[in-house]
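Everything below belongs to my_file-v5.cif, which stores mmCIF, C-alpha atoms.
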data_run
#
loop_
_atom_site.group_PDB
_atom_site.id
_atom_site.type_symbol
_atom_site.label_atom_id
_atom_site.label_comp_id
_atom_site.auth_asym_id
_atom_site.auth_seq_id
_atom_site.Cartn_x
_atom_site.Cartn_y
_atom_site.Cartn_z
ATOM 1 C CA MET C 1 87.347 89.223 44.249
ATOM 2 C CA ILE C 2 86.588 87.175 47.375
ATOM 3 C CA ASN C 3 83.654 88.431 49.457
ATOM 4 C CA GLU C 4 84.935 87.864 53.001
ATOM 5 C CA SER C 5 81.498 87.551 54.594
ATOM 6 C CA ILE C 6 80.387 84.914 52.096
ATOM 7 C CA MET C 7 83.641 82.995 52.518
ATOM 8 C CA ARG C 8 83.248 83.062 56.305
ATOM 9 C CA ASP C 9 79.763 81.598 55.929
ATOM 10 C CA CYS C 10 81.135 78.764 53.787
ATOM 11 C CA GLU C 11 83.950 78.077 56.225
ATOM 12 C CA GLU C 12 81.538 78.014 59.172
ATOM 13 C CA LEU C 13 79.417 75.437 57.378
ATOM 14 C CA MET C 14 82.532 73.327 56.859
ATOM 15 C CA LYS C 15 83.565 73.683 60.513
ATOM 16 C CA LYS C 16 80.118 72.564 61.672
ATOM 17 C CA GLY C 17 79.900 69.718 59.207
ATOM 18 C CA SER C 18 83.402 68.241 59.473
ATOM 19 C CA THR C 19 86.140 69.360 61.819
ATOM 20 C CA SER C 20 88.331 66.681 60.190
ATOM 21 C CA PHE C 21 88.091 68.211 56.732
ATOM 22 C CA HIS C 22 88.420 71.726 58.098
ATOM 23 C CA LYS C 23 91.628 70.855 59.936
ATOM 24 C CA ALA C 24 93.011 68.867 57.008
ATOM 25 C CA PHE C 25 92.659 71.715 54.515
ATOM 26 C CA ALA C 26 93.422 74.626 56.862
ATOM 27 C CA GLY C 27 97.037 74.895 55.671
ATOM 28 C CA LEU C 28 96.153 75.543 52.027
ATOM 29 C CA PRO C 29 97.109 78.935 50.589
ATOM 30 C CA SER C 30 94.443 81.352 49.384
ATOM 31 C CA PRO C 31 92.418 81.026 47.142
ATOM 32 C CA ARG C 32 92.682 77.217 47.209
ATOM 33 C CA ARG C 33 91.581 77.161 50.846
ATOM 34 C CA GLU C 34 88.486 79.286 50.236
ATOM 35 C CA ALA C 35 87.586 77.179 47.195
ATOM 36 C CA VAL C 36 87.594 74.023 49.328
ATOM 37 C CA HIS C 37 85.293 75.775 51.808
ATOM 38 C CA VAL C 38 82.843 76.615 49.016
ATOM 39 C CA ILE C 39 82.873 73.082 47.598
ATOM 40 C CA TYR C 40 82.344 71.549 51.017
ATOM 41 C CA ALA C 41 79.567 74.020 51.874
ATOM 42 C CA PHE C 42 77.610 73.237 48.716
ATOM 43 C CA CYS C 43 78.054 69.467 49.168
ATOM 44 C CA ARG C 44 76.870 69.850 52.765
ATOM 45 C CA ILE C 45 73.754 71.703 51.663
ATOM 46 C CA ILE C 46 73.072 69.010 49.031
ATOM 47 C CA ASP C 47 73.460 66.271 51.648
ATOM 48 C CA ASP C 48 71.249 68.054 54.173
ATOM 49 C CA SER C 49 68.522 68.580 51.575
ATOM 50 C CA VAL C 50 68.073 64.785 51.502
ATOM 51 C CA ASP C 51 69.106 63.624 54.992
ATOM 52 C CA GLU C 52 67.812 66.522 57.099
ATOM 53 C CA PRO C 53 65.384 68.436 54.860
ATOM 54 C CA GLU C 54 63.879 70.288 57.823
ATOM 55 C CA LYS C 55 67.259 71.997 58.363
ATOM 56 C CA SER C 56 67.997 72.672 54.696
ATOM 57 C CA PRO C 57 67.303 76.004 52.984
ATOM 58 C CA TYR C 58 66.398 74.129 49.770
ATOM 59 C CA THR C 59 65.031 70.829 48.560
ATOM 60 C CA ILE C 60 67.346 68.790 46.350
ATOM 61 C CA HIS C 61 65.157 69.694 43.356
ATOM 62 C CA GLU C 62 65.429 73.422 44.143
ATOM 63 C CA LEU C 63 69.198 73.119 44.497
ATOM 64 C CA ARG C 64 69.500 71.479 41.104
ATOM 65 C CA ARG C 65 67.275 74.092 39.441
ATOM 66 C CA ASN C 66 69.213 76.966 40.991
ATOM 67 C CA PHE C 67 72.553 75.401 40.106
ATOM 68 C CA LYS C 68 71.520 75.004 36.480
ATOM 69 C CA ARG C 69 70.762 78.744 36.345
ATOM 70 C CA LEU C 70 73.640 79.714 38.599
ATOM 71 C CA ASP C 71 74.229 83.090 36.972
ATOM 72 C CA GLU C 72 70.835 84.306 38.212
ATOM 73 C CA ALA C 73 70.473 82.312 41.462
ATOM 74 C CA GLU C 74 70.006 84.451 44.576
ATOM 75 C CA GLY C 75 68.703 84.143 48.129
ATOM 76 C CA HIS C 76 71.616 82.322 49.795
ATOM 77 C CA PHE C 77 75.351 82.881 50.198
ATOM 78 C CA ILE C 78 76.153 79.658 48.357
ATOM 79 C CA TRP C 79 75.196 81.072 44.939
ATOM 80 C CA PRO C 80 77.648 84.005 44.800
ATOM 81 C CA ALA C 81 80.230 81.696 46.403
ATOM 82 C CA LEU C 82 79.816 79.180 43.577
ATOM 83 C CA ARG C 83 79.987 81.933 40.948
ATOM 84 C CA TRP C 84 83.296 83.051 42.480
ATOM 85 C CA LEU C 85 84.507 79.428 42.529
ATOM 86 C CA PHE C 86 83.901 78.786 38.820
ATOM 87 C CA ALA C 87 85.300 82.188 37.840
ATOM 88 C CA SER C 88 88.459 81.621 39.914
ATOM 89 C CA PHE C 89 89.101 78.026 38.801
ATOM 90 C CA PRO C 90 88.142 77.847 35.106
ATOM 91 C CA LYS C 91 89.241 74.198 34.775
ATOM 92 C CA LEU C 92 86.512 73.217 37.225
ATOM 93 C CA THR C 93 83.391 71.971 35.421
ATOM 94 C CA ARG C 94 79.806 71.725 36.597
ATOM 95 C CA GLU C 95 79.448 68.040 35.707
ATOM 96 C CA PRO C 96 80.641 66.535 39.033
ATOM 97 C CA PHE C 97 78.268 68.806 40.955
ATOM 98 C CA LEU C 98 75.328 67.625 38.852
ATOM 99 C CA LEU C 99 76.399 63.995 39.335
ATOM 100 C CA GLN C 100 76.649 64.590 43.083
ATOM 101 C CA MET C 101 73.042 65.799 43.120
ATOM 102 C CA GLN C 102 72.010 62.822 40.978
ATOM 103 C CA GLY C 103 73.528 60.488 43.567
ATOM 104 C CA GLN C 104 71.797 62.241 46.457
ATOM 105 C CA LEU C 105 68.489 62.121 44.580
ATOM 106 C CA GLY C 106 68.940 58.360 44.431
ATOM 107 C CA ASP C 107 68.778 58.256 48.236
ATOM 108 C CA LEU C 108 65.112 59.195 48.001
ATOM 109 C CA THR C 109 64.178 56.051 46.099
ATOM 110 C CA PHE C 110 67.049 53.518 46.192
ATOM 111 C CA THR C 111 67.625 52.660 49.833
ATOM 112 C CA HIS C 112 68.870 49.058 50.015
ATOM 113 C CA TYR C 113 71.988 47.860 48.193
ATOM 114 C CA GLU C 114 72.461 44.322 46.927
ATOM 115 C CA THR C 115 76.063 44.205 45.656
ATOM 116 C CA MET C 116 79.422 45.938 46.088
ATOM 117 C CA GLU C 117 79.162 47.086 42.479
ATOM 118 C CA GLU C 118 75.946 48.955 43.269
ATOM 119 C CA LEU C 119 77.541 50.460 46.355
ATOM 120 C CA GLU C 120 80.666 51.580 44.495
ATOM 121 C CA SER C 121 78.547 53.253 41.807
ATOM 122 C CA TYR C 122 76.702 55.163 44.514
ATOM 123 C CA CYS C 123 79.956 56.080 46.272
ATOM 124 C CA TYR C 124 81.307 57.475 43.018
ATOM 125 C CA LEU C 125 78.260 59.694 42.540
ATOM 126 C CA VAL C 126 78.161 61.141 46.060
ATOM 127 C CA ALA C 127 81.869 61.159 46.936
ATOM 128 C CA GLY C 128 84.105 60.259 44.001
ATOM 129 C CA THR C 129 82.705 63.365 42.351
ATOM 130 C CA VAL C 130 84.050 65.424 45.258
ATOM 131 C CA GLY C 131 87.520 64.268 44.255
ATOM 132 C CA GLU C 132 86.783 65.525 40.745
ATOM 133 C CA MET C 133 85.652 68.870 42.159
ATOM 134 C CA LEU C 134 88.743 69.267 44.309
ATOM 135 C CA LEU C 135 91.411 68.360 41.748
ATOM 136 C CA PRO C 136 91.300 71.643 39.741
ATOM 137 C CA VAL C 137 91.403 73.503 43.064
ATOM 138 C CA LEU C 138 94.247 71.576 44.691
ATOM 139 C CA ARG C 139 96.554 71.463 41.671
ATOM 140 C CA ASP C 140 97.063 73.252 38.362
ATOM 141 C CA ASP C 141 97.444 70.182 36.167
ATOM 142 C CA SER C 142 95.976 66.700 35.939
ATOM 143 C CA ASP C 143 95.958 63.480 33.930
ATOM 144 C CA GLU C 144 93.946 60.275 33.899
ATOM 145 C CA GLY C 145 95.962 58.705 36.707
ATOM 146 C CA VAL C 146 95.593 61.715 38.973
ATOM 147 C CA GLN C 147 91.884 61.933 38.142
ATOM 148 C CA ALA C 148 91.351 58.269 38.990
ATOM 149 C CA ALA C 149 93.218 58.706 42.274
ATOM 150 C CA GLY C 150 91.064 61.682 43.313
ATOM 151 C CA ILE C 151 87.921 59.690 42.607
ATOM 152 C CA ALA C 152 89.267 56.641 44.471
ATOM 153 C CA LEU C 153 89.972 58.637 47.615
ATOM 154 C CA GLY C 154 86.420 59.964 47.636
ATOM 155 C CA ILE C 155 84.993 56.460 47.221
ATOM 156 C CA GLY C 156 87.116 55.173 50.110
ATOM 157 C CA MET C 157 85.953 57.986 52.367
ATOM 158 C CA GLN C 158 82.313 57.287 51.556
ATOM 159 C CA ILE C 159 82.738 53.625 52.486
ATOM 160 C CA VAL C 160 84.126 54.809 55.828
ATOM 161 C CA ASN C 161 81.033 56.993 56.240
ATOM 162 C CA ILE C 162 78.846 53.976 55.520
ATOM 163 C CA ILE C 163 80.635 51.892 58.159
ATOM 164 C CA ARG C 164 80.416 54.670 60.743
ATOM 165 C CA ASP C 165 76.751 55.472 60.039
ATOM 166 C CA VAL C 166 75.169 52.000 59.864
ATOM 167 C CA GLY C 167 72.825 52.697 62.781
ATOM 168 C CA GLU C 168 71.994 56.236 61.709
ATOM 169 C CA ASP C 169 71.206 55.088 58.167
ATOM 170 C CA LEU C 170 68.974 52.273 59.447
ATOM 171 C CA ARG C 171 66.929 54.826 61.357
ATOM 172 C CA ARG C 172 66.460 56.647 58.051
ATOM 173 C CA GLY C 173 65.274 53.438 56.412
ATOM 174 C CA ARG C 174 68.483 52.843 54.463
ATOM 175 C CA ARG C 175 70.952 49.989 54.216
ATOM 176 C CA TYR C 176 74.131 50.681 52.305
ATOM 177 C CA VAL C 177 75.885 47.513 53.508
ATOM 178 C CA PRO C 178 75.482 45.208 50.484
ATOM 179 C CA LEU C 179 73.179 42.252 51.034
ATOM 180 C CA ALA C 180 75.612 39.984 49.165
ATOM 181 C CA LEU C 181 78.327 40.840 51.685
ATOM 182 C CA MET C 182 76.009 40.080 54.604
ATOM 183 C CA GLN C 183 74.975 36.778 53.036
ATOM 184 C CA LYS C 184 78.621 35.856 52.545
ATOM 185 C CA HIS C 185 79.005 35.869 56.338
ATOM 186 C CA GLY C 186 75.561 34.467 57.189
ATOM 187 C CA TYR C 187 74.251 37.739 58.597
ATOM 188 C CA THR C 188 70.635 38.732 57.921
ATOM 189 C CA GLN C 189 68.676 41.928 57.380
ATOM 190 C CA GLU C 190 66.649 41.136 60.508
ATOM 191 C CA GLU C 191 69.814 40.842 62.589
ATOM 192 C CA LEU C 192 71.057 44.137 61.143
ATOM 193 C CA GLU C 193 67.799 45.844 62.102
ATOM 194 C CA SER C 194 68.114 44.366 65.603
ATOM 195 C CA GLY C 195 71.619 45.784 65.962
ATOM 196 C CA ILE C 196 73.283 42.429 66.590
ATOM 197 C CA VAL C 197 77.063 42.700 66.873
ATOM 198 C CA ASP C 198 78.765 39.323 66.682
ATOM 199 C CA GLN C 199 81.676 37.800 64.782
ATOM 200 C CA ARG C 200 79.629 37.570 61.592
ATOM 201 C CA PHE C 201 78.883 41.291 61.726
ATOM 202 C CA VAL C 202 82.525 42.058 62.535
ATOM 203 C CA ASN C 203 83.514 40.083 59.443
ATOM 204 C CA VAL C 204 81.113 42.153 57.316
ATOM 205 C CA ILE C 205 82.588 45.405 58.633
ATOM 206 C CA GLU C 206 86.143 44.143 58.222
ATOM 207 C CA ASP C 207 85.434 43.339 54.576
ATOM 208 C CA LEU C 208 84.163 46.880 54.086
ATOM 209 C CA ARG C 209 87.201 48.215 55.932
ATOM 210 C CA ARG C 210 89.517 46.404 53.531
ATOM 211 C CA GLU C 211 87.559 47.837 50.613
ATOM 212 C CA ALA C 212 87.940 51.364 52.023
ATOM 213 C CA LEU C 213 91.670 50.986 52.651
ATOM 214 C CA GLY C 214 92.154 49.617 49.140
ATOM 215 C CA TRP C 215 90.514 52.737 47.713
ATOM 216 C CA PHE C 216 92.682 54.910 49.981
ATOM 217 C CA GLU C 217 95.808 53.232 48.621
ATOM 218 C CA LYS C 218 94.693 54.019 45.069
ATOM 219 C CA GLY C 219 93.730 57.531 46.131
ATOM 220 C CA LEU C 220 97.185 58.376 47.459
ATOM 221 C CA ALA C 221 99.052 56.901 44.493
ATOM 222 C CA HIS C 222 99.976 60.292 42.992
ATOM 223 C CA VAL C 223 99.995 62.458 46.102
ATOM 224 C CA GLU C 224 103.697 63.306 45.683
ATOM 225 C CA THR C 225 102.847 65.162 42.450
ATOM 226 C CA TYR C 226 100.582 67.663 44.226
ATOM 227 C CA PRO C 227 101.838 71.062 45.377
ATOM 228 C CA PRO C 228 103.147 70.369 48.898
ATOM 229 C CA GLU C 229 100.369 72.222 50.754
ATOM 230 C CA SER C 230 97.765 70.327 48.752
ATOM 231 C CA GLY C 231 99.533 66.979 49.183
ATOM 232 C CA LEU C 232 99.680 67.546 52.932
ATOM 233 C CA ALA C 233 95.948 68.320 53.000
ATOM 234 C CA VAL C 234 95.036 65.216 51.000
ATOM 235 C CA GLU C 235 97.178 62.945 53.160
ATOM 236 C CA LEU C 236 95.708 64.419 56.335
ATOM 237 C CA ALA C 237 92.145 63.955 55.138
ATOM 238 C CA ALA C 238 92.908 60.308 54.311
ATOM 239 C CA ALA C 239 94.637 59.747 57.673
ATOM 240 C CA PHE C 240 91.761 61.281 59.641
ATOM 241 C CA TYR C 241 89.252 59.096 57.817
ATOM 242 C CA ALA C 242 91.313 55.922 58.156
ATOM 243 C CA ALA C 243 91.478 56.618 61.890
ATOM 244 C CA ILE C 244 87.666 56.427 62.040
ATOM 245 C CA LEU C 245 88.017 52.758 61.096
ATOM 246 C CA ASP C 246 90.324 52.239 64.077
ATOM 247 C CA SER C 247 87.780 53.947 66.334
ATOM 248 C CA VAL C 248 85.055 51.605 65.082
ATOM 249 C CA ALA C 249 87.197 48.594 66.025
ATOM 250 C CA GLU C 250 88.125 50.090 69.405
ATOM 251 C CA ALA C 251 84.414 50.559 70.187
ATOM 252 C CA GLY C 252 83.755 46.859 69.559
ATOM 253 C CA TYR C 253 82.222 47.449 66.109
ATOM 254 C CA ASP C 254 78.974 48.690 67.660
ATOM 255 C CA VAL C 255 78.055 51.150 64.921
ATOM 256 C CA PHE C 256 74.389 50.834 65.866
ATOM 257 C CA ARG C 257 74.569 52.691 69.149
ATOM 258 C CA ASN C 258 77.905 54.546 68.973
ATOM 259 C CA ARG C 259 79.196 57.050 66.441
ATOM 260 C CA ALA C 260 82.929 56.551 65.990
ATOM 261 C CA TYR C 261 85.030 59.688 66.098
ATOM 262 C CA VAL C 262 88.692 60.685 66.198
ATOM 263 C CA SER C 263 89.793 62.911 69.067
ATOM 264 C CA ASP C 264 91.399 66.308 68.505
ATOM 265 C CA GLU C 265 94.507 65.008 70.254
ATOM 266 C CA ALA C 266 94.784 62.101 67.818
ATOM 267 C CA LYS C 267 94.273 64.458 64.872
ATOM 268 C CA LEU C 268 96.991 66.750 66.187
ATOM 269 C CA ARG C 269 99.424 63.836 66.407
ATOM 270 C CA MET C 270 98.633 62.821 62.825
ATOM 271 C CA LEU C 271 99.001 66.425 61.748
ATOM 272 C CA GLY C 272 102.427 66.675 63.364
ATOM 273 C CA ARG C 273 103.695 63.417 61.847
ATOM 274 C CA THR C 274 102.432 64.230 58.352
ATOM 275 C CA ALA C 275 103.639 67.852 58.390
ATOM 276 C CA ALA C 276 107.073 66.676 59.550
ATOM 277 C CA ARG C 277 107.375 64.528 56.411
ATOM 278 C CA TYR C 278 106.526 67.583 54.299
ATOM 279 C CA ALA C 279 108.860 69.950 56.167
ATOM 280 C CA SER C 280 111.589 69.978 53.517
ATOM 281 C CA ARG C 281 109.104 70.709 50.723
ATOM 282 C CA LEU C 282 107.074 73.244 52.672
ATOM 283 C CA GLY C 283 109.868 75.053 54.465
ATOM 284 C CA GLY C 284 110.205 74.903 58.249
ATOM 285 C CA ARG C 285 108.021 77.909 58.973
ATOM 286 C CA THR C 286 105.091 76.695 56.857
ATOM 287 C CA ALA C 287 105.235 73.160 58.228
ATOM 288 C CA LYS C 288 105.192 74.470 61.780
ATOM 289 C CA ALA C 289 102.216 76.710 60.985
ATOM 290 C CA ALA C 290 100.374 73.725 59.531
ATOM 291 C CA VAL C 291 100.909 71.713 62.721
ATOM 292 C CA LEU C 292 99.551 74.550 64.825
#
What does this structure look like when you write it as structure tokens?
Amino acid sequence: MINESIMRDCEELMKKGSTSFHKAFAGLPSPRREAVHVIYAFCRIIDDSVDEPEKSPYTIHELRRNFKRLDEAEGHFIWPALRWLFASFPKLTREPFLLQMQGQLGDLTFTHYETMEELESYCYLVAGTVGEMLLPVLRDDSDEGVQAAGIALGIGMQIVNIIRDVGEDLRRGRRYVPLALMQKHGYTQEELESGIVDQRFVNVIEDLRREALGWFEKGLAHVETYPPESGLAVELAAAFYAAILDSVAEAGYDVFRNRAYVSDEAKLRMLGRTAARYASRLGGRTAKAAVL
């Protein structure tokens, strides 16, 4: 049984944390929609415990301890929400949640990346795992290809986050942009810390952009096999995130002083175009509701 107050709390956390994700998944039927809210809320709390610990109700270590004894955990709405989630979606396992926390723990000690391989491993832990969490919620069946696609989409989205948040991460003492990629274009750590935007830096970001879009392509490979409401949500989430890359370019690649975002009007246009393609599978009434 869904506790409406707890579910509202999870949805509010999702709204505050990502209007893009909230809009993308708003058309899902219940209980898939509520499950996405719970997953996002817990991932948000995990992220905040490392990036903004002063705003977090728990440290990352406390979160992991409570999660491991979930049946007894109390003191916050997230614990009964997670118990409902696992009871409602029995194919969902705890492993990706533990890996997500492992990845976030790494942020406390491993702050500068040398290679794309290191970066991709990190992206799997903190974002590819989200794809693994969502799959049993968004669809009733899966296989290795579908699993790989869900992971790939999460990795692509995390690379977009890294591009968007270069300046913010620097202020936290972190550099996710691989040193090998910077060296390839003759761009130095000192120049990064000085916020220099020139053609060399643009080339670095464009390489990362291509990496992200390549992961998106893999991530959408099996989207037609999802239930239509879930497929629509996945495509929207990917479109919203890809549009962040366009915003970065439109702002002159200055990710040191500007945070790229996608306007509500642009999201609404993407929503309309994507829902129109799903109209025959969704039924006219449902597609129209999704657009609104």
At a cut-off of 10 Å, using all atoms listed in the file, what residues contact Arg164 (chain C)? Leave out same-chain residues fewer than 2 positions from it and give the result as a short mmCIF file (atom, residue, chain, number, x, y, z; two decimals) with C-alpha atoms, keeping the file's coordinate frame.
data_model
loop_
_atom_site.label_atom_id
_atom_site.label_comp_id
_atom_site.auth_asym_id
_atom_site.auth_seq_id
_atom_site.Cartn_x
_atom_site.Cartn_y
_atom_site.Cartn_z
CA GLN C 158 82.31 57.29 51.56
CA ILE C 159 82.74 53.62 52.49
CA VAL C 160 84.13 54.81 55.83
CA ASN C 161 81.03 56.99 56.24
CA ILE C 162 78.85 53.98 55.52
CA VAL C 166 75.17 52.00 59.86
CA GLY C 167 72.82 52.70 62.78
CA GLU C 168 71.99 56.24 61.71
CA ASP C 169 71.21 55.09 58.17
CA ILE C 205 82.59 45.40 58.63
CA ILE C 244 87.67 56.43 62.04
CA LEU C 245 88.02 52.76 61.10
CA SER C 247 87.78 53.95 66.33
CA VAL C 248 85.06 51.60 65.08
CA TYR C 253 82.22 47.45 66.11
CA ASP C 254 78.97 48.69 67.66
CA VAL C 255 78.06 51.15 64.92
CA PHE C 256 74.39 50.83 65.87
CA ASN C 258 77.90 54.55 68.97
CA ARG C 259 79.20 57.05 66.44
CA ALA C 260 82.93 56.55 65.99
CA TYR C 261 85.03 59.69 66.10
#
Selection result for the PyMOL selection byres ((chain C and resi 27) around 7) on this file, as a PDB file with C-alpha atoms, in the coordinates of the input:
ATOM      1  CA  PHE C  25      92.659  71.715  54.515  1.00  0.00           C
ATOM      2  CA  ALA C  26      93.422  74.626  56.862  1.00  0.00           C
ATOM      3  CA  LEU C  28      96.153  75.543  52.027  1.00  0.00           C
ATOM      4  CA  PRO C  29      97.109  78.935  50.589  1.00  0.00           C
ATOM      5  CA  GLU C 229     100.369  72.222  50.754  1.00  0.00           C
ATOM      6  CA  ALA C 290     100.374  73.725  59.531  1.00  0.00           C
TER       7      ALA C 290
END
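CA of Arg94 (chain C) is found 24.0 Å from CA of Ser5 (chain C).
Here the PyMOL selection byres ((chain C and resi 142-157) around 7) catches exactly these residues: C:Cys123, C:Tyr124, C:Ala127, C:Gly128, C:Thr129, C:Val130, C:Gly131, C:Glu132, C:Leu135, C:Asp141, C:Gln158, C:Ile159, C:Val160, C:Asn161, C:Ala212, C:Leu213, C:Trp215, C:Phe216, C:Lys218, C:Gly219, C:Leu220, C:Ala221, C:His222, C:Tyr241.
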Let me know the residues the PyMOL selection byres ((chain C and resi 34) around 10) catches in the file above, as a ChimeraX atom specification.
/C:2,4,7-8,10-11,25-26,28-33,35-40,81,85,137
Quick one: residues within 12 Å of (71.1, 61.7, 53.9) (file frame), counting all atoms listed in the file, please, as JSON, numbers by chain.
{"C": [43, 44, 45, 46, 47, 48, 49, 50, 51, 52, 53, 54, 55, 56, 60, 101, 103, 104, 105, 106, 107, 108, 109, 110, 111, 126, 161, 162, 165, 168, 169, 170, 171, 172, 173, 174, 175, 176]}
Gap from CA of Gly186 (chain C) to CA of Arg257 (chain C) - Å, one decimal:
21.8 Å
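Distances from C:Glu235, C:Arg277, C:Lys68, C:Phe77 to Phe21 (chain C) were compared using all atoms listed in the file, and the smallest one belongs to C:Glu235.
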Smallest atom-to-atom distance to Gly231 (chain C): which of C:Ser88, C:Thr274, C:Thr93, C:Thr115, using all atoms listed in the file?
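Closest to Gly231 (chain C), using all atoms listed in the file: C:Thr274.
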Box dimensions and centre (Å, one decimal) enclosing region 208-221 of chain C, axis-aligned, 5 Å extra per side, as JSON:
{"center_x": 91.6, "center_y": 52.4, "center_z": 50.2, "size_x": 24.9, "size_y": 22.0, "size_z": 21.4}
Using CA of Gly17 (chain C) and CA of Pro57 (chain C) as the two end points, give the distance in Å to one decimal.
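We find that CA of Gly17 (chain C) and CA of Pro57 (chain C) lie 15.4 Å from each other.
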Kindly extract all protein, DNA and RNA residues lying within 7 Å of the coordinates (74.0, 41.5, 60.4) given in the file, considering only C-alpha atoms, and supply them as a PDB file with C-alpha atoms, keeping the file's coordinate frame.
ATOM      1  CA  MET C 182      76.009  40.080  54.604  1.00  0.00           C
ATOM      2  CA  TYR C 187      74.251  37.739  58.597  1.00  0.00           C
ATOM      3  CA  THR C 188      70.635  38.732  57.921  1.00  0.00           C
ATOM      4  CA  GLN C 189      68.676  41.928  57.380  1.00  0.00           C
ATOM      5  CA  GLU C 191      69.814  40.842  62.589  1.00  0.00           C
ATOM      6  CA  LEU C 192      71.057  44.137  61.143  1.00  0.00           C
ATOM      7  CA  ILE C 196      73.283  42.429  66.590  1.00  0.00           C
ATOM      8  CA  ARG C 200      79.629  37.570  61.592  1.00  0.00           C
ATOM      9  CA  PHE C 201      78.883  41.291  61.726  1.00  0.00           C
TER      10      PHE C 201
END
Polymer residues at most 7 Å from Leu92 (chain C), all atoms listed in the file, same-chain spacing of 4 or more positions, as a compact mmCIF listing (two decimals) with C-alpha atoms, in the frame of the given file:
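What ended up in part_3.txt:
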# COMPACT_ATOMS: atom_id res chain seq x y z
CA PHE C 86 83.90 78.79 38.82
CA MET C 133 85.65 68.87 42.16
CA PRO C 136 91.30 71.64 39.74
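In this comparison, which uses all atoms listed in the file, the residue of C:Arg139, C:Ile163, C:Arg273, C:Glu206 approaching Pro228 (chain C) most closely is C:Arg139.
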May I ask which of the residues C:Lys184, C:Leu271, C:Glu190, C:Met116 is the closest one to Ala233 (chain C), counting all atoms listed in the file?
C:Leu271
Please determine, counting all atoms listed in the file, which residue among C:Glu224, C:Glu62, C:Glu217, C:Glu120 has the shortest atom-to-atom distance to Ala239 (chain C).
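Answer, going by the shortest atom-to-atom distance: C:Glu217.
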